[in-house]
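See below for the structure under consideration.
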There are 4 protein chains.
Amino acid sequence: MTFYRDALLGDASNKVVSFTSSMEEDRLIVNEVIDVLVAHVKHLISMELIPPESGNKILTALDNLSRNTDELFKISAEDVHEAIEIYLRNTLGGEAGWLPLGRSRNDHVVAALRLKTKKLVIECVGEILKLRKLLIEKAHQNLETLLPLATHLQLAQISTVAHYLMYIEEMLRDFTNILYYTLSDFIDKSPLGSGAIAGTTVPIDRFELAKLLGFKGLVYNTLYATSSRDFISVTASIITSLSVALSRVAEDFIIWATSQFNYIEPPSSHLATSSMMPHKKNLVSMEVLRAWGGEAIGHLAAILSVIKSVPSGYNLDLQEVTKHLLRLLLNSIEALTIFRDFIKYMEFKDKVLNEEVQKYLLTVTDLAEHISMKYHIPYRDTHKEVASVIKKLGTTDINLICFELSKKLGINAEDLLKVVKPENVLRTRKVVGSPNPQLMLLTIKESEKLLDNDCSRYSALVEELGILNECK
Amino acid sequence: MTFYRDALLGDASNKVVSFTSSMEEDRLIVNEVIDVLVAHVKHLISMELIPPESGNKILTALDNLSRNTDELFKISAEDVHEAIEIYLRNTLGGEAGWLPLGRSRNDHVVAALRLKTKKLVIECVGEILKLRKLLIEKAHQNLETLLPLATHLQLAQISTVAHYLMYIEEMLRDFTNILYYTLSDFIDKSPLGSGAIAGTTVPIDRFELAKLLGFKGLVYNTLYATSSRDFISVTASIITSLSVALSRVAEDFIIWATSQFNYIEPPSSHLATSSMMPHKKNLVSMEVLRAWGGEAIGHLAAILSVIKSVPSGYNLDLQEVTKHLLRLLLNSIEALTIFRDFIKYMEFKDKVLNEEVQKYLLTVTDLAEHISMKYHIPYRDTHKEVASVIKKLGTTDINLICFELSKKLGINAEDLLKVVKPENVLRTRKVVGSPNPQLMLLTIKESEKLLDNDCSRYSALVEELGILNECK
Amino acid sequence: MTFYRDALLGDASNKVVSFTSSMEEDRLIVNEVIDVLVAHVKHLISMELIPPESGNKILTALDNLSRNTDELFKISAEDVHEAIEIYLRNTLGGEAGWLPLGRSRNDHVVAALRLKTKKLVIECVGEILKLRKLLIEKAHQNLETLLPLATHLQLAQISTVAHYLMYIEEMLRDFTNILYYTLSDFIDKSPLGSGAIAGTTVPIDRFELAKLLGFKGLVYNTLYATSSRDFISVTASIITSLSVALSRVAEDFIIWATSQFNYIEPPSSHLATSSMMPHKKNLVSMEVLRAWGGEAIGHLAAILSVIKSVPSGYNLDLQEVTKHLLRLLLNSIEALTIFRDFIKYMEFKDKVLNEEVQKYLLTVTDLAEHISMKYHIPYRDTHKEVASVIKKLGTTDINLICFELSKKLGINAEDLLKVVKPENVLRTRKVVGSPNPQLMLLTIKESEKLLDNDCSRYSALVEELGILNECK
Amino acid sequence: MTFYRDALLGDASNKVVSFTSSMEEDRLIVNEVIDVLVAHVKHLISMELIPPESGNKILTALDNLSRNTDELFKISAEDVHEAIEIYLRNTLGGEAGWLPLGRSRNDHVVAALRLKTKKLVIECVGEILKLRKLLIEKAHQNLETLLPLATHLQLAQISTVAHYLMYIEEMLRDFTNILYYTLSDFIDKSPLGSGAIAGTTVPIDRFELAKLLGFKGLVYNTLYATSSRDFISVTASIITSLSVALSRVAEDFIIWATSQFNYIEPPSSHLATSSMMPHKKNLVSMEVLRAWGGEAIGHLAAILSVIKSVPSGYNLDLQEVTKHLLRLLLNSIEALTIFRDFIKYMEFKDKVLNEEVQKYLLTVTDLAEHISMKYHIPYRDTHKEVASVIKKLGTTDINLICFELSKKLGINAEDLLKVVKPENVLRTRKVVGSPNPQLMLLTIKESEKLLDNDCSRYSALVEELGILNECK
């Protein structure tokens, strides 16, 4: 079918049309395209720019169509916009021809895409909020569950499960906020009424039309409105940064689930077996999430590379960008639900973690700080003394190290032995944000408040969209 | 030299140390590293955690060092942190050993990096603001300078130079705001006092220490503070999105500077000649800016790929990320100055642009809209009628097309001929954001106000930093 | 359905299984998976490792399945391997259980993937060969069709259409050869018989099994065989480099199709119209091809970022890589057919090209070289003389420049005027590979021979695969 | 200084010139640029195209210059080509002006770049060969050193250190060969004599000139020769694929060096300590190598994104690509030396590895295969039986599992207990490429032969280049 091109260019080979067509990708935005058209036609009627009877017939037909969009995809067309016009022409005849007055695909496709992006970003925020709630709850239950933390994958300092989980929560909080910001200042703006690039002589009230669709503002300049995909590159960037940040968490869990670490018991549903090796329990969900970080980088690189150095004004290159953005958003939403399911049902193995803390040198830094402060020895010297003793003894028994230091520095051994006890160590960490259970409790309280605020904002957004979706 | 490792590991081969050392890259953040140390020592003194005399000697030595950092880079060290300790030890002896109390490189390096990023982001915003000012001024002077705009690089609609320039301005405005947002909510937060990963028993007041360095807030969780590089991936993403957006503008100028388009006269300083071909004038600055969009993608991909799936907690992988962020920021700042220089001194060739508008079909859409609205013909039918006439006549003479349409549709030819005059067309575009000179003037006024706000915010930031730097 | 996991782990939630499942992507390799299983079972029978009756029943069932694979995708399974076992168990009962002896999914999936990659790479080479043939033919027809070539998009030297087309041909020739190389030395090697990672005690003859599937060699080390995806990253890299190289050709055509250049007449089927602007003819196929270069970069970045730093041995991350490779190959094959269709039916506008050559300074370099060589003036001085004259006269009339130079240097004007004639210029270019029609004819003859060789190799490959596919 | 642009354009602002200048990056290729010029001038003399005395003076000056290139970089110039002409003009006066006859920067810069790439690729191959030699030697010494291998980071099958090391060796062998291929068919071809884009009227014998510089062939088409950077994208792709593959090996070592795994003892020189935590031994060299995989992806993405959709013919965008290629090559060479140093001096901890093999279920697959083959039970059923027993007993004691299976299946327990002994298991793996020490020895012998071939080829290449460099 060759509706648009007929008069000027005539028929075209199917091969090329199918190569340049976006019909397949348009499935994901067809509802938004129809919503935009409905608003457009309503506005044309209210501005008395088209005959009201024709306008109303079109609205009825669009309403029918919106309930059964499958029909559209049986039509061979350049894109969903053309398919809809063909459908309307078949249904209504010539009156359907009022639809495109004052509208270009250039402003309409990007409007639909902004609406879809808005919905998906809100959905993504919703998932983040649920995950944050879970993290706070689980942290609350694990204020004192010891967890040895590593830097460079080498054991570093003693910490708690709460501390680890609240690190993820704070990260997700930062991403919540920048997603809200991106939504309000980059995505949620109407490009409608911009024509193909330089506006239209049809006297559309762009503010009114924007309001009909719930847009919070305008992309003013009509060239910017039709041509720019900065809202896509920025949104994709943030989603990718989040995906990459979460790939680190997936890596933590994969390592902690090894036989050698054995820190956690993953939920059975996240494990897979081997078709050959009868004993294998592989933490596959976290592997796919780790890989997703890499795939996200690829989608972002695609978006940016496609946009790079395309002349200003709409070019069909920009059509190819859409699928990568939607893939990024849809997969990230799914990834967040999988993370939540995992964290909800996995268990930290207290017994193993407690043994681990005994087995390795995890409180030696606290010891060195104690010696430096209490016995007035510059920290660098203390540090070197302790290191020498560790080297000399070649042990991971912290008590032996205390005795040796006591001897060497003429310090009371009891004082040192008391300091290095895991249960004491945590309480001597007085800095905000540390795993000290008392301070962590305050952090949790504060985080709950911030989460409540973010949830209220979310509720307002979903209500506006008419989506039923509970926060948390 | 092997200062840190001595006691535990002994000497190491130079080859490996130099491979893992960050000394070369640390040149760019050495001042910030010293600033952080100064604040740290002041805080230790004020909290009575170290002997004040020792503390003050260290402060004096750091002050001296800050005025001649070259000395540091003669020291062979793992990084600038070690080099500074070696320097202080050489200068002050054992008392220098009080410096590292309650500090890890993990919290200090990221604090220095946040300070440096903050400065560079502010500098970048400053350059954007200057460019926006120039664009507004030049737009003001070119409200009526005709410019044919293309979609798909095929001539589309008539527009003006002001419209084109203000598209860039609105884009830069959006990036100004998200950079401000990223600054306040991602970058400008203190990680200090977090120890290596799980805090310290040294009772540092993290809020006080943050205040000393002008940080606006805290990264609370100490694991998040020391381990996360999300502020880098987000900042790098936005800078890359901006660079990619600007590569499109560079492409416009390169195309407009061809002999065939001949729309603009680039400033001679942006041209280069050929060593072989005596007649060549190549617009090389815009080519480098176009390429920069691609290089930025590369730096961003490096940052994200390095971070991807690194375990939580500091790993040396993260050190490798820094150079890509700083390269992105420094080059983008330079790119903005080059753009500004170009736009300031380039000229739009009015005469050519006016001829272009006569030569090609640029007002045919306005004509079709006029016919549809005035003579009540559905737009799709009007569109097809006009297209058929264009096909039939095979002309780019808009007047001939008017006559033919007048005949075919029984419409007065004069009415049509009047409509398609470039000078009339612009005024019939009534939608906000279109090139209509009257509406564009309002847009410019509004943009000036928004720019003023952004400049005030900028002035406050640079004043705080003690940098002398005028907005605009 | 939870076939593999039943005994060890029991049932799992659908959500997680569907997240980690590869069923959807496996559609593309299901035939190859079955082929591999058929070979595996045949080998087990011939080695007397399983009961021949059971083996033969399995072979029959697999044969049936291969003719209707849709059934498989109704089965809920982790992947196509599990689905096939479920299918066979449902069909044959317990005897089906002989299938997995001595086989892991780890060696089988990568074997199937290598077979699929092999086929697609050969298909891709086939498309390249057809395009090369077309380019040679069209070049032959356009040995003397003038074409001004630009550097920096600024007109540089006079050339011919044949010269331009043969540039693409030589490029494609290089890619043909490296694809052949990658095929034989990276892709076409059997990983079968490697077990999960460290082999199997089932005495499989890996060479025999490889031969059954037409593999040219072995990936020897079983860890390398099951874990490495280097053949994917290398293949993807080369396909991406090719896609990026071709995006430059797409850009050339887009620019040449502008009204301002007007060098070519694209085939109507590659153009699209506007839904709003009645006059537009947009070269959309080339825009999608240009964008494809960027998308390819994204798929490659995804592949590399996913693989980066995954531990050796199979990890599920590697499953996520497959779809990006197949997308790269399938799209590139389609892209090549679109390029061929375009080049076949597009026309170079001789008249415009001839005028262009008169209109601009294109033979001025040939002039400078002539003066330097004939009148013994160092080239740098000649170059500067000519440049000064161009600057002084500010003309693009080469004749005026000849007269002025004649005056200035005391040289006979006739001699210069003769030199700068386009028809003369080409013949004075004596270097191999230049557009000189006589030399170009030799190049074409040589290229035909090389193409014939490459086609013979291709024919041998497709015959082996039993695919009917003619070269050229 | 403004040498080239003087006559046509006059002076330019320093800011823009410095922005577009490549002087800094040209440091890396200055010797190759001079080599190319020397060959060019020699050829002009031998073809009697320039006065021999002038030519010889230029040759002498270039020879002097090559011994002290620092002088060049004091000259302000667009690039090293202009700087050399300025230097020669200052030294020789007007006669220096013969140099540029028949040469463009477009063919000369890419010739120099190809020479430099050739040298670095050969250097890279040299490092790979040395690493392969070491791997073979160390494998030979560890034919029987047990190593548990994991898939999904979960223990999978018993293997040996030799098996692991020879996996890396086979991978490096594949990369050796494709680098040799890329060298001969992509890189080592002369673009000289191509002029700016469409050749030159100066009758250069391109074959002769290529021979003078040791190029193995020609890039024929002059447009292809001057404009294409496919040899860069292909070379960069392969180096990146290699870097990514090696990042997986780095990850293995990082994990194996944790306290929890404790499989290896890294050389002390590859470890770093903490400035705060006295006990830390961080495997930093492997972290930087792991990160390098990510950085390589970034450089490749930069190269491809910059090239994407740049019009055919030289554009200054291409200049920006060079630094990323050279960075890739130089860093990869260094990375390979660090890997070699690490592997040479690290130790596998036999005792720990032996205990590990007892501690976990590593021979259970061998057991299941044994039962299936000896007692004629379909493998799927055997697999499920064994899995059920593992689940039921919840043990990692393989003997208990044998007893239970013996009971359940009515099989002699002794037979099973014999099978699962690690020392027996390896010998029952009869497939080529498995860790079976006897088969591995054959593999090693074969690999030594292949390495010898690759070394001979390397020796021939370095001899040709006049570089003293021993293989291995």
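Just so we're on the same page: first chain in the structure tokens is A, next is B, and so on; residues restart at 1 for each chain, and ligands are numbered from 1 in the order they show up.
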*Within 6 Å of chain D, which residues of chain C are there when counting only C-alpha atoms? Please give them as a ChimeraX atom specification.*
/C:7-8,97-98,101,151-152,167,198-201,203,220-222,224,233,237,241,244,247-248,251-252,308-315,378-380,384,387-388,391,428-430,433-434
_Selection near Glu464 (chain C), 12 Å with only C-alpha atoms, sequence-local residues under 6 positions removed, as a ChimeraX atom specification_ = /C:118-119,122,213-216,457-458
*Which residue out of A:Ser332, A:Ser268, A:Gln438, A:Asn90 has the minimum interatomic distance to Asn282 (chain A) when only C-alpha atoms are used?*
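Smallest separation from Asn282 (chain A) among the options: A:Ser268.
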*Could you name the residues that touch Leu271 (chain B) at 10 Å or less, counting only C-alpha atoms, but leaving out those on the same chain fewer than 3 positions away, as a list in words?*
Pro266, Pro267, Ser268, Lys280, Lys281, Asn282, Leu283, Val284, Ser285 and Met286 of chain B; Arg5, Leu9, Ala12, Val16, Val17 and Thr20 of chain D
